[in-house]
Amino acid sequence: MRATNAPASRERRRRRLELAKGFYGARSKLFRTATEAVDRAMRLSTAHRKLKKRDFRRLWIARVNAAARQEGISYSKLIAGLTKAGVALNRKMLSEIAIQDPAGFKAIVEIAKNA
């Protein structure tokens with residue numbers, strides 16, 4: 001009789017395939033392909049956590065720029081004005097205000113224009 005360590009190796013494969021859940025095609029079905037895909041995903045996850053911050057900042061800036069231009073001021077002039085006026089609002093909050101409270105954003109723009 002041959003000892004195969006079957007329960008342990010099956011569990012090891014199950015865990016690896018669980019990590020590959022949602023991957024496209026063979027990457028989520030075949031053990032070897034899944035292992036390669038999961039290894040790569042784990043390697044890149046660190047870099048992608050950094051990139052996510054960059055991507056969100058770009059999104060907020062694009063939103064603030066669009067809202068600012070509707071009020072007749074460019075993004076750079078808005079930020080420069082707010083800095084001069086000593087208004088400490090980050091881009092995330094500016095974009096949320098621009099979306100949720102247009103009147104409030106208009107007031108912020110006026111503060112920047114006056115500064």
# chains A, B, ... in the order shown; residues from 1 in each chain; ligands from 1
$ residues_around --residues "Leu59 in chain A" --least-positions-apart "4" --cutoff "10 Å" --atoms "only C-alpha atoms" --output "MDAnalysis selection string"
chainID A and resid 54:55 63:65 91:92 95
$ residues_around --residues "Gly25 in chain A" --least-positions-apart "5" --cutoff "10 Å" --atoms "only C-alpha atoms" --output "list in words"
Leu30, Thr33 and Ala34 of chain A
$ residues_around --residues "Leu17 in chain A" --least-positions-apart "3" --cutoff "10 Å" --atoms "only C-alpha atoms" --output "PyMOL selection string"
chain A and resi 11-14+20-23+27-35+38
$ write_last_selection --atoms "C-alpha atoms" --output "PDB file, in the first residue's frame"
ATOM      1  CA  GLU A  11      -6.566  20.328   1.795  1.00  0.00           C
ATOM      2  CA  ARG A  12      -3.520  22.216   0.530  1.00  0.00           C
ATOM      3  CA  ARG A  13      -4.942  22.202  -3.021  1.00  0.00           C
ATOM      4  CA  ARG A  14      -8.390  23.219  -1.791  1.00  0.00           C
ATOM      5  CA  ALA A  20      -8.013  31.699  -6.886  1.00  0.00           C
ATOM      6  CA  LYS A  21     -11.808  31.921  -6.691  1.00  0.00           C
ATOM      7  CA  GLY A  22     -13.135  34.454  -9.203  1.00  0.00           C
ATOM      8  CA  PHE A  23     -10.087  34.250 -11.473  1.00  0.00           C
ATOM      9  CA  ARG A  27      -6.731  30.133 -13.357  1.00  0.00           C
ATOM     10  CA  SER A  28      -9.513  29.253 -10.928  1.00  0.00           C
ATOM     11  CA  LYS A  29      -9.868  25.544 -11.857  1.00  0.00           C
ATOM     12  CA  LEU A  30      -6.456  23.937 -12.430  1.00  0.00           C
ATOM     13  CA  PHE A  31      -4.119  23.669  -9.471  1.00  0.00           C
ATOM     14  CA  ARG A  32      -0.838  24.583 -11.157  1.00  0.00           C
ATOM     15  CA  THR A  33      -2.280  27.493 -13.133  1.00  0.00           C
ATOM     16  CA  ALA A  34      -4.134  28.698 -10.046  1.00  0.00           C
ATOM     17  CA  THR A  35      -0.928  28.532  -7.984  1.00  0.00           C
ATOM     18  CA  VAL A  38      -2.301  33.406  -6.906  1.00  0.00           C
TER      19      VAL A  38
END
$ atom_distance --atom1 "CA of Ala98 in chain A" --atom2 "CA of Ala67 in chain A"
6.2 Å
$ atom_distance --atom1 "CA of Thr4 in chain A" --atom2 "CA of Asp39 in chain A"
25.2 Å
$ select_by_dssp --residues "range 3-113 of chain A" --states "alpha helix (DSSP H)" --output "ChimeraX atom specification"
/A:6-19,31-70,75-85,91-100,102-113
$ closest_residue --among "A:Trp60, A:Met1, A:Lys77, A:Ala103" --to "Asn90 in chain A" --atoms "only C-alpha atoms"
A:Trp60
$ closest_residue --among "A:Ala115, A:Ala41, A:Leu82, A:Met93" --to "Leu19 in chain A" --atoms "only C-alpha atoms"
A:Ala41
$ decode --residues "range 37-98 of chain A" --atoms "C-alpha atoms" --output "short mmCIF file (atom, residue, chain, number, x, y, z; two decimals), in the first residue's frame"
data_model
loop_
_atom_site.label_atom_id
_atom_site.label_comp_id
_atom_site.auth_asym_id
_atom_site.auth_seq_id
_atom_site.Cartn_x
_atom_site.Cartn_y
_atom_site.Cartn_z
CA ALA A 37 -1.96 33.19 -10.70
CA VAL A 38 -2.30 33.41 -6.91
CA ASP A 39 1.47 33.85 -6.44
CA ARG A 40 1.48 36.70 -8.93
CA ALA A 41 -1.60 38.30 -7.34
CA MET A 42 0.01 38.14 -3.89
CA ARG A 43 3.24 39.66 -5.24
CA LEU A 44 1.40 42.54 -6.88
CA SER A 45 -1.03 43.19 -4.03
CA THR A 46 1.52 45.37 -2.19
CA ALA A 47 2.16 47.55 -5.24
CA HIS A 48 -1.56 47.74 -6.00
CA ARG A 49 -2.37 48.95 -2.49
CA LYS A 50 -0.06 51.89 -3.19
CA LEU A 51 -1.58 52.45 -6.65
CA LYS A 52 -5.11 52.48 -5.22
CA LYS A 53 -4.27 55.60 -3.20
CA ARG A 54 -2.92 57.28 -6.33
CA ASP A 55 -6.00 56.30 -8.37
CA PHE A 56 -8.43 57.68 -5.80
CA ARG A 57 -6.55 60.97 -5.58
CA ARG A 58 -6.73 61.29 -9.38
CA LEU A 59 -10.49 60.65 -9.24
CA TRP A 60 -11.04 63.28 -6.54
CA ILE A 61 -8.98 65.86 -8.44
CA ALA A 62 -10.94 65.18 -11.65
CA ARG A 63 -14.25 65.65 -9.77
CA VAL A 64 -13.12 68.86 -8.05
CA ASN A 65 -11.79 70.22 -11.35
CA ALA A 66 -15.11 69.53 -13.11
CA ALA A 67 -17.11 71.17 -10.32
CA ALA A 68 -14.72 74.14 -10.11
CA ARG A 69 -14.93 74.81 -13.85
CA GLN A 70 -18.72 74.93 -13.59
CA GLU A 71 -18.18 77.74 -11.08
CA GLY A 72 -15.81 79.49 -13.52
CA ILE A 73 -12.46 78.77 -11.85
CA SER A 74 -9.71 76.27 -12.66
CA TYR A 75 -8.65 73.54 -10.26
CA SER A 76 -5.18 74.99 -9.71
CA LYS A 77 -6.56 78.48 -8.96
CA LEU A 78 -9.11 76.96 -6.56
CA ILE A 79 -6.46 75.02 -4.62
CA ALA A 80 -4.10 78.03 -4.59
CA GLY A 81 -6.92 80.26 -3.29
CA LEU A 82 -7.89 77.79 -0.57
CA THR A 83 -4.26 77.49 0.53
CA LYS A 84 -3.92 81.29 0.73
CA ALA A 85 -7.20 81.53 2.66
CA GLY A 86 -5.96 78.87 5.09
CA VAL A 87 -8.80 76.45 4.32
CA ALA A 88 -7.59 72.96 5.24
CA LEU A 89 -9.89 70.72 3.17
CA ASN A 90 -8.40 67.68 1.46
CA ARG A 91 -9.30 66.63 -2.09
CA LYS A 92 -11.50 63.77 -0.91
CA MET A 93 -13.71 66.10 1.13
CA LEU A 94 -13.77 68.74 -1.61
CA SER A 95 -15.01 66.14 -4.10
CA GLU A 96 -17.68 64.90 -1.66
CA ILE A 97 -18.87 68.47 -1.02
CA ALA A 98 -18.94 69.15 -4.78
#
